[in-house]
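File shown here: entry17.txt, holding compact mmCIF, C-alpha atoms.
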# COMPACT_ATOMS: atom_id res chain seq x y z
CA MET A 1 18.19 -31.84 -77.82
CA LYS A 2 19.12 -34.26 -80.58
CA LYS A 3 17.81 -31.79 -83.15
CA GLU A 4 19.96 -28.99 -81.68
CA ILE A 5 23.04 -31.19 -81.89
CA GLN A 6 22.22 -31.98 -85.51
CA ILE A 7 21.82 -28.27 -86.30
CA GLU A 8 25.17 -27.51 -84.68
CA GLU A 9 26.86 -30.35 -86.55
CA LYS A 10 25.44 -29.09 -89.83
CA PHE A 11 26.58 -25.55 -89.04
CA LEU A 12 30.12 -26.70 -88.21
CA GLU A 13 30.27 -28.68 -91.41
CA GLN A 14 29.20 -25.72 -93.53
CA ILE A 15 31.57 -23.33 -91.78
CA LYS A 16 34.48 -25.66 -92.39
CA ARG A 17 33.51 -26.09 -96.02
CA HIS A 18 33.25 -22.33 -96.63
CA GLN A 19 35.83 -21.01 -94.19
CA ASN A 20 37.87 -19.54 -97.03
CA ILE A 21 35.19 -16.82 -97.30
CA ILE A 22 35.78 -15.82 -93.67
CA HIS A 23 39.55 -15.92 -94.19
CA LYS A 24 39.27 -13.57 -97.16
CA ILE A 25 36.92 -11.10 -95.48
CA CYS A 26 39.06 -10.98 -92.33
CA PHE A 27 42.17 -10.55 -94.46
CA ILE A 28 40.65 -7.58 -96.30
CA TYR A 29 39.18 -5.87 -93.22
CA SER A 30 41.99 -6.25 -90.67
CA LYS A 31 45.23 -4.38 -90.18
CA ASN A 32 46.98 -6.93 -88.03
CA ARG A 33 46.71 -10.36 -86.48
CA PRO A 34 44.81 -9.43 -83.26
CA ASP A 35 42.27 -7.44 -85.31
CA ARG A 36 41.87 -10.36 -87.64
CA GLU A 37 41.33 -12.84 -84.83
CA ASP A 38 38.71 -10.59 -83.23
CA LEU A 39 36.87 -10.21 -86.51
CA TYR A 40 37.14 -13.91 -87.21
CA GLN A 41 35.55 -14.73 -83.90
CA GLU A 42 32.85 -12.09 -84.29
CA ILE A 43 31.90 -13.31 -87.77
CA ILE A 44 31.57 -16.92 -86.66
CA LEU A 45 29.54 -15.84 -83.64
CA GLN A 46 27.17 -13.73 -85.77
CA LEU A 47 26.87 -16.54 -88.32
CA TRP A 48 25.87 -18.91 -85.55
CA LYS A 49 23.39 -16.48 -84.02
CA SER A 50 21.91 -15.73 -87.46
CA TYR A 51 21.84 -19.35 -88.52
CA PRO A 52 18.11 -19.72 -87.71
CA THR A 53 17.44 -16.97 -90.30
CA PHE A 54 19.19 -18.96 -93.03
CA GLY A 55 16.16 -20.06 -94.97
CA GLN A 56 17.81 -22.17 -97.69
CA ARG A 57 16.41 -19.69 -100.24
CA SER A 58 19.95 -18.79 -101.22
CA ALA A 59 23.16 -20.78 -101.20
CA PHE A 60 24.94 -21.00 -97.84
CA SER A 61 27.95 -19.17 -99.28
CA THR A 62 25.77 -16.24 -100.46
CA TRP A 63 24.16 -15.99 -97.03
CA MET A 64 27.60 -16.25 -95.43
CA TYR A 65 28.99 -13.35 -97.49
CA ARG A 66 26.11 -11.16 -96.31
CA VAL A 67 26.38 -11.94 -92.62
CA ALA A 68 30.18 -11.76 -92.65
CA LEU A 69 30.31 -8.48 -94.60
CA ASN A 70 27.61 -6.92 -92.40
CA THR A 71 29.66 -7.90 -89.37
CA ALA A 72 32.85 -6.51 -90.91
CA ILE A 73 31.38 -3.13 -91.90
CA SER A 74 29.67 -2.65 -88.54
CA ALA A 75 32.84 -3.32 -86.57
CA THR A 76 33.64 0.12 -85.17
CA LYS A 77 36.54 1.58 -83.27
CA LYS A 78 35.71 1.18 -79.60
CA PHE A 79 36.43 4.39 -77.67
CA TRP A 80 36.61 8.03 -78.79
CA PHE A 81 39.37 8.81 -76.28
CA LEU A 82 41.61 6.09 -77.74
CA SER A 83 41.00 6.91 -81.40
CA GLU A 84 43.67 9.61 -81.56
CA THR A 85 46.35 7.34 -80.16
CA GLU A 86 45.91 4.75 -82.91
CA LEU A 87 48.86 4.07 -85.13
CA PRO A 88 48.64 5.31 -88.70
CA ASP A 89 47.71 2.77 -91.36
CA VAL A 90 51.02 1.52 -92.72
CA GLY A 91 49.68 -1.45 -94.63
CA TYR A 92 49.64 -5.07 -93.77
CA GLU A 93 52.47 -6.40 -91.64
CA ASP A 94 51.97 -9.98 -90.63
CA GLU A 95 54.14 -13.03 -90.48
CA ASN A 96 51.43 -14.94 -92.37
CA MET A 97 52.02 -12.69 -95.36
CA SER A 98 55.37 -14.33 -95.96
CA ASP A 99 53.53 -17.34 -97.40
CA MET A 100 51.67 -15.17 -99.87
CA SER A 101 52.62 -14.11 -103.35
CA GLU A 102 54.00 -10.65 -104.08
CA ASP A 103 50.86 -9.81 -106.07
CA ILE A 104 48.66 -10.56 -103.09
CA ARG A 105 50.78 -8.35 -100.85
CA ILE A 106 50.55 -5.49 -103.31
CA LEU A 107 46.82 -6.06 -103.75
CA TYR A 108 46.26 -6.10 -100.00
CA ASN A 109 48.18 -2.90 -99.43
CA GLY A 110 46.18 -1.24 -102.21
CA ILE A 111 42.85 -2.45 -100.83
CA SER A 112 43.77 -1.34 -97.31
CA LYS A 113 43.57 2.28 -98.57
CA LEU A 114 39.95 1.85 -99.71
CA ALA A 115 36.85 2.64 -97.65
CA LYS A 116 34.79 -0.13 -96.05
CA VAL A 117 32.08 -0.40 -98.71
CA GLU A 118 34.64 -0.14 -101.51
CA LYS A 119 36.48 -3.05 -99.91
CA ALA A 120 33.29 -5.14 -99.94
CA ILE A 121 32.59 -4.39 -103.61
CA ILE A 122 36.13 -5.10 -104.76
CA LEU A 123 36.20 -8.30 -102.70
CA LEU A 124 33.03 -9.54 -104.41
CA TRP A 125 34.56 -8.62 -107.78
CA LEU A 126 37.73 -10.54 -106.93
CA GLU A 127 35.49 -13.48 -106.07
CA SER A 128 34.06 -13.24 -109.62
CA LYS A 129 30.57 -12.42 -108.45
CA SER A 130 28.24 -11.05 -111.11
CA TYR A 131 26.95 -7.48 -110.96
CA GLU A 132 23.56 -8.86 -109.96
CA GLU A 133 25.07 -10.81 -107.07
CA ILE A 134 27.08 -7.79 -105.91
CA ALA A 135 23.93 -5.65 -106.10
CA GLU A 136 21.98 -8.20 -104.09
CA THR A 137 24.63 -8.44 -101.38
CA THR A 138 25.28 -4.72 -101.06
CA GLY A 139 21.74 -3.42 -101.61
CA ILE A 140 22.59 -1.02 -104.43
CA SER A 141 21.33 -1.13 -108.00
CA VAL A 142 23.14 -3.08 -110.72
CA LYS A 143 23.83 0.17 -112.55
CA ASN A 144 25.29 1.70 -109.45
CA VAL A 145 27.47 -1.38 -108.95
CA SER A 146 28.96 -0.99 -112.41
CA VAL A 147 29.62 2.73 -111.87
CA LYS A 148 31.17 2.11 -108.47
CA LEU A 149 33.30 -0.76 -109.71
CA VAL A 150 34.79 1.37 -112.48
CA ARG A 151 35.69 4.07 -109.94
CA ILE A 152 37.03 1.64 -107.34
CA LYS A 153 39.15 -0.23 -109.88
CA SER A 154 40.51 3.01 -111.22
CA ARG A 155 41.36 4.17 -107.69
CA LEU A 156 42.93 0.85 -106.81
CA SER A 157 45.03 0.96 -109.98
CA GLU A 158 46.29 4.40 -109.06
CA ILE A 159 47.14 3.33 -105.52
CA ILE A 160 49.00 0.25 -106.75
CA LYS A 161 50.80 2.30 -109.36
CA LYS A 162 51.98 4.76 -106.73
CA MET A 163 53.22 1.91 -104.56
CA GLN A 164 55.31 0.37 -107.33
CA MET B 165 47.44 6.52 -117.26
CA ASN B 166 45.57 3.46 -115.90
CA ASN B 167 47.75 0.72 -117.21
CA ILE B 168 47.74 -1.47 -114.12
CA ASP B 169 46.30 -4.84 -115.00
CA LEU B 170 43.91 -5.63 -112.17
CA GLU B 171 42.96 -8.92 -113.83
CA ARG B 172 46.44 -10.14 -112.98
CA TYR B 173 45.75 -9.48 -109.30
CA LYS B 174 42.35 -11.11 -109.60
CA THR B 175 44.01 -14.26 -110.91
CA ALA B 176 46.56 -14.14 -108.08
CA TRP B 177 43.68 -13.78 -105.64
CA LYS B 178 41.96 -16.88 -107.01
CA GLU B 179 45.14 -18.89 -107.00
CA GLU B 180 46.21 -17.90 -103.50
CA LYS B 181 46.39 -21.16 -101.56
CA SER B 182 46.63 -19.76 -98.04
CA PHE B 183 42.94 -18.73 -98.08
CA ASN B 184 41.88 -22.32 -98.63
CA LYS B 185 43.85 -23.81 -95.78
CA ALA B 186 41.49 -25.54 -93.38
CA THR B 187 42.53 -23.96 -90.12
CA LEU B 188 39.43 -24.37 -88.00
CA SER B 189 38.59 -27.51 -86.10
CA ASP B 190 35.20 -28.31 -84.55
CA PRO B 191 36.29 -27.48 -80.98
CA GLU B 192 37.70 -24.14 -82.16
CA ILE B 193 34.44 -23.18 -83.88
CA ARG B 194 32.50 -24.30 -80.79
CA THR B 195 34.72 -22.08 -78.63
CA TYR B 196 34.03 -19.11 -80.91
CA ILE B 197 30.27 -19.56 -80.82
CA MET B 198 30.29 -19.76 -77.02
CA LYS B 199 32.10 -16.42 -76.67
CA ARG B 200 30.44 -13.06 -76.14
CA SER B 201 30.07 -10.62 -78.98
CA LYS B 202 32.35 -7.56 -79.04
CA GLY B 203 30.21 -5.79 -81.62
CA LEU B 204 28.45 -2.44 -81.36
CA THR B 205 25.03 -3.89 -80.52
CA ALA B 206 26.55 -6.01 -77.76
CA SER B 207 28.41 -3.04 -76.28
CA PHE B 208 25.24 -0.87 -76.31
CA LYS B 209 23.31 -3.74 -74.73
CA ALA B 210 25.95 -4.21 -72.03
CA GLY B 211 25.93 -0.47 -71.20
CA LEU B 212 22.15 -0.46 -71.01
CA LEU B 213 22.06 -3.57 -68.83
CA LEU B 214 24.60 -2.07 -66.46
CA ASP B 215 22.46 1.05 -66.15
CA ILE B 216 19.34 -1.03 -65.50
CA ILE B 217 21.14 -2.85 -62.68
CA LEU B 218 22.40 0.44 -61.24
CA LYS B 219 18.89 1.92 -61.30
CA ILE B 220 17.50 -1.15 -59.51
CA ILE B 221 20.19 -0.79 -56.82
CA LEU B 222 19.33 2.91 -56.51
CA GLY B 223 15.64 2.03 -56.16
CA VAL B 224 16.47 -0.35 -53.30
CA SER B 225 18.66 2.30 -51.68
CA PHE B 226 15.79 4.84 -51.74
CA ILE B 227 13.44 2.30 -50.14
CA ALA B 228 16.06 1.73 -47.43
CA LEU B 229 16.29 5.50 -46.92
CA ILE B 230 12.53 5.76 -46.32
CA VAL B 231 12.89 3.08 -43.64
CA LEU B 232 16.04 4.64 -42.13
CA PHE B 233 14.49 8.08 -41.77
CA GLY B 234 11.37 6.52 -40.26
CA GLY B 235 8.99 7.89 -42.84
CA LYS B 236 9.88 11.53 -42.16
CA ILE B 237 7.60 13.48 -44.50
CA GLY B 238 10.18 15.52 -46.46
CA ILE B 239 12.63 12.65 -46.95
CA ALA B 240 9.86 10.17 -47.68
CA GLY B 241 8.57 12.58 -50.33
CA ILE B 242 11.99 12.90 -51.97
CA CYS B 243 12.61 9.16 -51.88
CA THR B 244 9.14 8.28 -53.17
CA GLY B 245 9.46 10.86 -55.94
CA SER B 246 12.89 9.50 -56.86
CA LEU B 247 11.52 5.95 -56.81
CA LEU B 248 8.69 6.87 -59.15
CA ILE B 249 11.04 8.62 -61.56
CA LEU B 250 13.50 5.70 -61.39
CA PHE B 251 10.67 3.25 -62.02
CA TYR B 252 9.62 5.17 -65.12
CA LEU B 253 13.21 5.42 -66.37
CA LEU B 254 13.75 1.73 -65.69
CA TRP B 255 10.62 0.81 -67.60
CA SER B 256 11.78 2.96 -70.52
CA GLN B 257 15.26 1.36 -70.47
CA ILE B 258 13.87 -2.16 -70.42
CA ALA B 259 11.55 -1.31 -73.33
CA THR B 260 14.54 0.01 -75.33
CA TYR B 261 16.63 -3.02 -74.42
CA ARG B 262 13.97 -5.29 -75.88
CA LYS B 263 13.85 -3.24 -79.09
CA ILE B 264 17.58 -3.45 -79.84
CA PRO B 265 17.85 -4.99 -83.33
CA GLY B 266 18.47 -8.70 -83.32
CA GLN B 267 20.09 -11.04 -85.78
CA GLU B 268 17.49 -10.94 -88.53
CA GLY B 269 19.14 -7.91 -90.20
CA TYR B 270 22.51 -9.60 -90.51
CA SER B 271 21.41 -11.76 -93.42
CA GLY B 272 19.90 -8.81 -95.29
CA ASP B 273 21.76 -6.60 -97.74
CA MET B 274 24.47 -4.29 -96.42
CA LYS B 275 22.72 -1.00 -97.17
CA ASN B 276 19.48 -1.98 -95.42
CA PHE B 277 21.40 -3.48 -92.53
CA LEU B 278 23.20 -0.18 -91.92
CA SER B 279 20.12 2.00 -92.51
CA ALA B 280 18.00 0.02 -90.04
CA ARG B 281 20.66 0.11 -87.35
CA ILE B 282 21.42 3.81 -87.75
CA GLU B 283 17.70 4.65 -87.73
CA PHE B 284 17.30 2.74 -84.46
CA TYR B 285 20.37 4.25 -82.81
CA ARG B 286 19.57 7.80 -83.93
CA THR B 287 15.92 7.70 -82.85
CA LYS B 288 14.86 5.13 -80.25
CA PHE B 289 18.25 4.64 -78.66
CA LEU B 290 19.16 8.32 -78.31
CA LYS B 291 16.77 8.89 -75.39
CA THR B 292 18.48 6.03 -73.58
CA VAL B 293 21.82 7.81 -73.73
CA TYR B 294 20.41 10.72 -71.67
CA VAL B 295 18.50 8.36 -69.38
CA ILE B 296 21.83 6.67 -68.57
CA ALA B 297 23.33 10.09 -67.76
CA LEU B 298 20.36 10.79 -65.45
CA THR B 299 21.53 8.01 -63.15
CA ASN B 300 24.33 10.27 -61.88
CA PRO B 301 22.12 12.86 -60.08
CA PHE B 302 20.26 10.01 -58.39
CA VAL B 303 23.52 8.44 -57.23
CA PHE B 304 24.50 11.84 -55.85
CA LEU B 305 21.12 12.37 -54.16
CA SER B 306 21.08 8.93 -52.60
CA GLY B 307 24.73 9.26 -51.50
CA MET B 308 24.05 12.68 -49.99
CA LEU B 309 21.08 11.39 -47.96
CA TYR B 310 23.08 8.42 -46.69
CA TYR B 311 25.94 10.70 -45.74
CA PHE B 312 23.64 12.96 -43.72
CA TYR B 313 22.00 9.99 -42.04
CA PHE B 314 25.21 8.31 -40.93
CA LYS B 315 27.03 11.54 -40.07
CA TYR B 316 24.24 13.49 -38.32
CA GLY B 317 21.29 11.11 -38.07
CA ILE B 318 19.01 13.86 -39.41
CA ILE B 319 18.80 16.29 -42.30
CA ARG B 320 18.58 19.85 -41.15
CA PRO B 321 16.40 22.18 -43.25
CA LEU B 322 18.43 23.39 -46.19
CA ASP B 323 18.80 27.06 -47.07
CA VAL B 324 18.89 28.53 -50.57
CA VAL B 325 22.70 28.32 -50.82
CA ASP B 326 22.61 24.60 -49.95
CA ILE B 327 19.96 24.01 -52.59
CA ILE B 328 21.96 25.92 -55.20
CA ILE B 329 25.14 23.94 -54.41
CA PHE B 330 23.42 20.54 -54.38
CA GLY B 331 21.40 21.44 -57.46
CA THR B 332 24.54 22.53 -59.30
CA LEU B 333 26.30 19.28 -58.36
CA CYS B 334 23.32 17.29 -59.66
CA ILE B 335 23.36 19.23 -62.93
CA VAL B 336 27.13 18.86 -63.27
CA GLY B 337 26.76 15.11 -62.64
CA PHE B 338 24.16 14.86 -65.37
CA ALA B 339 26.08 17.09 -67.78
CA LEU B 340 29.33 15.16 -67.34
CA GLY B 341 27.55 11.83 -67.76
CA ALA B 342 25.69 13.10 -70.82
CA PHE B 343 28.89 14.48 -72.34
CA VAL B 344 30.73 11.17 -72.05
CA GLN B 345 27.75 9.09 -73.14
CA VAL B 346 26.87 11.28 -76.13
CA LYS B 347 30.49 11.56 -77.24
CA GLN B 348 30.94 7.78 -77.17
CA TYR B 349 27.56 7.18 -78.82
CA ASN B 350 28.27 9.70 -81.60
CA PHE B 351 31.77 8.32 -82.12
CA GLN B 352 30.43 4.85 -82.84
CA VAL B 353 27.23 5.71 -84.73
CA ASN B 354 29.11 8.24 -86.90
CA GLN B 355 31.33 5.41 -88.11
CA LEU B 356 28.25 3.54 -89.32
CA GLU B 357 26.88 6.70 -90.94
CA GLU B 358 30.15 7.26 -92.73
CA CYS B 359 29.81 3.76 -94.14
CA LEU B 360 26.21 4.35 -95.22
CA ARG B 361 27.21 7.55 -97.00
CA GLU B 362 29.44 5.47 -99.26
CA PHE B 363 26.36 3.63 -100.49
CA GLN B 364 24.49 6.82 -101.14
CA GLU B 365 27.06 8.23 -103.52
CA ASN B 366 27.93 10.93 -101.01
CA ASP B 367 24.37 12.17 -101.39
CA ILE B 368 23.54 12.45 -97.71
CA ASN B 369 19.88 12.33 -96.91
CA GLU B 370 19.66 15.87 -95.56
CA ALA B 371 16.06 15.51 -94.39
CA THR B 372 16.96 12.50 -92.25
CA ILE B 373 19.96 14.23 -90.73
CA ARG B 374 17.89 17.36 -89.99
CA ARG B 375 15.22 15.19 -88.39
CA HIS B 376 17.79 13.38 -86.24
CA LYS B 377 19.38 16.68 -85.15
CA LYS B 378 16.00 18.18 -84.28
CA GLN B 379 15.07 15.10 -82.31
CA LYS B 380 18.40 15.20 -80.48
CA ARG B 381 17.85 18.85 -79.50
CA THR B 382 14.28 18.17 -78.35
CA ILE B 383 15.31 15.23 -76.18
CA LEU B 384 18.15 17.22 -74.60
CA ILE B 385 15.85 20.18 -73.84
CA ILE B 386 13.20 17.88 -72.29
CA PHE B 387 15.84 16.27 -70.08
CA ILE B 388 17.26 19.60 -68.93
CA ILE B 389 13.77 20.95 -68.13
CA ALA B 390 12.90 17.73 -66.27
CA LEU B 391 16.13 17.94 -64.30
CA ILE B 392 15.59 21.59 -63.32
CA VAL B 393 11.94 20.96 -62.33
CA GLY B 394 13.06 17.94 -60.31
CA LEU B 395 15.69 19.98 -58.49
CA LEU B 396 13.19 22.76 -57.73
CA LEU B 397 10.79 20.23 -56.23
CA LEU B 398 13.64 18.74 -54.24
CA GLY B 399 14.51 22.19 -52.93
CA ILE B 400 10.90 22.90 -51.94
CA LEU B 401 10.71 19.58 -50.08
CA LEU B 402 13.98 20.14 -48.21
CA ILE B 403 13.48 23.79 -47.20
Exercise: express the given structure as structure tokens:
Amino acid sequence: MKKEIQIEEKFLEQIKRHQNIIHKICFIYSKNRPDREDLYQEIILQLWKSYPTFGQRSAFSTWMYRVALNTAISATKKFWFLSETELPDVGYEDENMSDMSEDIRILYNGISKLAKVEKAIILLWLESKSYEEIAETTGISVKNVSVKLVRIKSRLSEIIKKMQ
Amino acid sequence: MNNIDLERYKTAWKEEKSFNKATLSDPEIRTYIMKRSKGLTASFKAGLLLDIILKIILGVSFIALIVLFGGKIGIAGICTGSLLILFYLLWSQIATYRKIPGQEGYSGDMKNFLSARIEFYRTKFLKTVYVIALTNPFVFLSGMLYYFYFKYGIIRPLDVVDIIIFGTLCIVGFALGAFVQVKQYNFQVNQLEECLREFQENDINEATIRRHKKQKRTILIIFIIALIVGLLLLGILLI
């Protein structure tokens, strides 16, 4: 029992220390506040459930990126009969955005037009991860990462350019 | 053409202070980890569990029918047959439930995580979708027998028209259930596949897709044949 409490304490401590990673992933993958809160909760839940698999072989933050991104990309729309009634993607509209810089708003609206895997790759690039680290997290080759990054950056530039 | 300086945005991203705000307290994190997952695996598990419970209730209702009809040969045969089929389906559902991927994949790389889940959903889990739809004819059969018992106390011998009507209703029940289940299942798994395609440079693994389609057809045909054979046996027992 005491050991379980210690594990939970350690988990809470690490989550608090690295919660910026969850904030960023939820920010990139959500359209609005309720979506973001749902994803936030789901990521923390999956991190907790997966915590026994964290083998200390990698840094906690690296492990956290993987679990959080896997949770984000596997979050699907719930019901086929509701999918057609969904509102079109009009970019990020949230009161929290008022605190953010103009560049971040533009960047977000550009990223929101990308596909799920593209979002993950560009997020890892924004986080200054090396090609090797991106390859390890995504499961694609280093060469493929560099090719994809060139394409994604080019696409993102075009989207941002159109928005300006 | 590409003169947008993405490095500028990268710097803005790094300097953005709102991401680093400590917003979570210990009690909040504890509340999150106590909640139930809303993810795809959890929703498939919940659907499967609900079906398992429904099948158990149906099993009990068929046992009660054997008792109610006082072991009348025809009815006892139908109920025992239904019980055996339900038992087999239940066993198969429980086996699938236990095989649903756990947490270990979450800390793996994204591509493998998606591949493993799609492989499971498109192969082992697919049969379950039809097994869930098969619950409907049993609900109908059980309901019909209870109706006859409480309304007339007996079941008169059925003629061919009765058998055709009841058989059609059973098939419609299965078909409607299968339609809804398969549509929902495809809707969610397709979203994962779409994601996996991004990794594979739009080079879809045609062999895998062909294999999944063939498997899907085979399972559907087996279920339809089993349903028709079951209905014919039911007809023979009731005539």
List as a tab-separated table every residue of chain A that is in contact with chain B, defined as an atom at most 6 Å from one of its atoms (using all atoms listed in the file), together with the nearest atom pair and the distance in Å rounded to one decimal, sorted by chain and then rising number.
residue	atom	partner	partner_atom	distance
A:Asn20	CA	B:Asn184	CA	5.1
A:His23	CA	B:Phe183	CA	5.9
A:Gln41	CA	B:Tyr196	CA	5.5
A:Leu45	CA	B:Ile197	CA	4.7
A:Ser50	CA	B:Gln267	CA	5.3
A:Arg66	CA	B:Ser271	CA	5.5
A:Val67	CA	B:Tyr270	CA	5.0
A:Asn70	CA	B:Met274	CA	5.7
A:Trp80	CA	B:Phe351	CA	5.9
A:Leu126	CA	B:Lys174	CA	5.4
A:Thr137	CA	B:Asp273	CA	5.0
A:Thr138	CA	B:Met274	CA	4.7
A:Gly139	CA	B:Asp273	CA	5.0
A:Ser157	CA	B:Ile168	CA	5.5
- Task: Select, counting all atoms listed in the file, all protein, DNA and RNA residues no farther than 12 Å from (10.8, 9.1, -84.6) in file coordinates, and express the selection as a list in words.
- Result: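 Here is the list of nearby residues: Glu283, Phe284, Tyr285, Arg286, Thr287, Lys288, Phe289, Leu290, Lys291, Thr372, Arg375, His376, Lys377, Lys378, Gln379, Lys380, Thr382 and Ile383 of chain B.
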Residues near stretch 108-113 of chain A, anyone? I mean within 8 Å using all atoms listed in the file, not counting same-chain ones fewer than 3 positions away, as a PDB file with C-alpha atoms, in the frame of the given file.
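Result file is part01.pdb:
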ATOM      1  CA  ILE A  28      40.650  -7.580 -96.300  1.00  0.00           C
ATOM      2  CA  TYR A  29      39.180  -5.870 -93.220  1.00  0.00           C
ATOM      3  CA  LYS A  31      45.230  -4.380 -90.180  1.00  0.00           C
ATOM      4  CA  GLY A  91      49.680  -1.450 -94.630  1.00  0.00           C
ATOM      5  CA  TYR A  92      49.640  -5.070 -93.770  1.00  0.00           C
ATOM      6  CA  ILE A 104      48.660 -10.560-103.090  1.00  0.00           C
ATOM      7  CA  ARG A 105      50.780  -8.350-100.850  1.00  0.00           C
ATOM      8  CA  LYS A 119      36.480  -3.050 -99.910  1.00  0.00           C
ATOM      9  CA  LEU A 156      42.930   0.850-106.810  1.00  0.00           C
ATOM     10  CA  ILE A 159      47.140   3.330-105.520  1.00  0.00           C
ATOM     11  CA  ILE A 160      49.000   0.250-106.750  1.00  0.00           C
TER      12      ILE A 160
END
- Query: Quick one: distance from atom CA of B:Val295 to atom CA of B:Thr244 in Å, one decimal?
  - Reply: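 Interatomic distance here is 18.7 Å.
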- Query: Using all atoms listed in the file, can you list as a list in words the residues within 12 Å of (13.0, 17.2, -61.4)?
  - Reply: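 Within the cut-off we find Ile242, Gly245, Ser246, Leu248, Ile249, Leu250, Leu298, Pro301, Phe302, Leu305, Gly331, Cys334, Ile335, Ile386, Phe387, Ile388, Ile389, Ala390, Leu391, Ile392, Val393, Gly394, Leu395, Leu396, Leu397, Leu398, Gly399, Ile400 and Leu401 of chain B.
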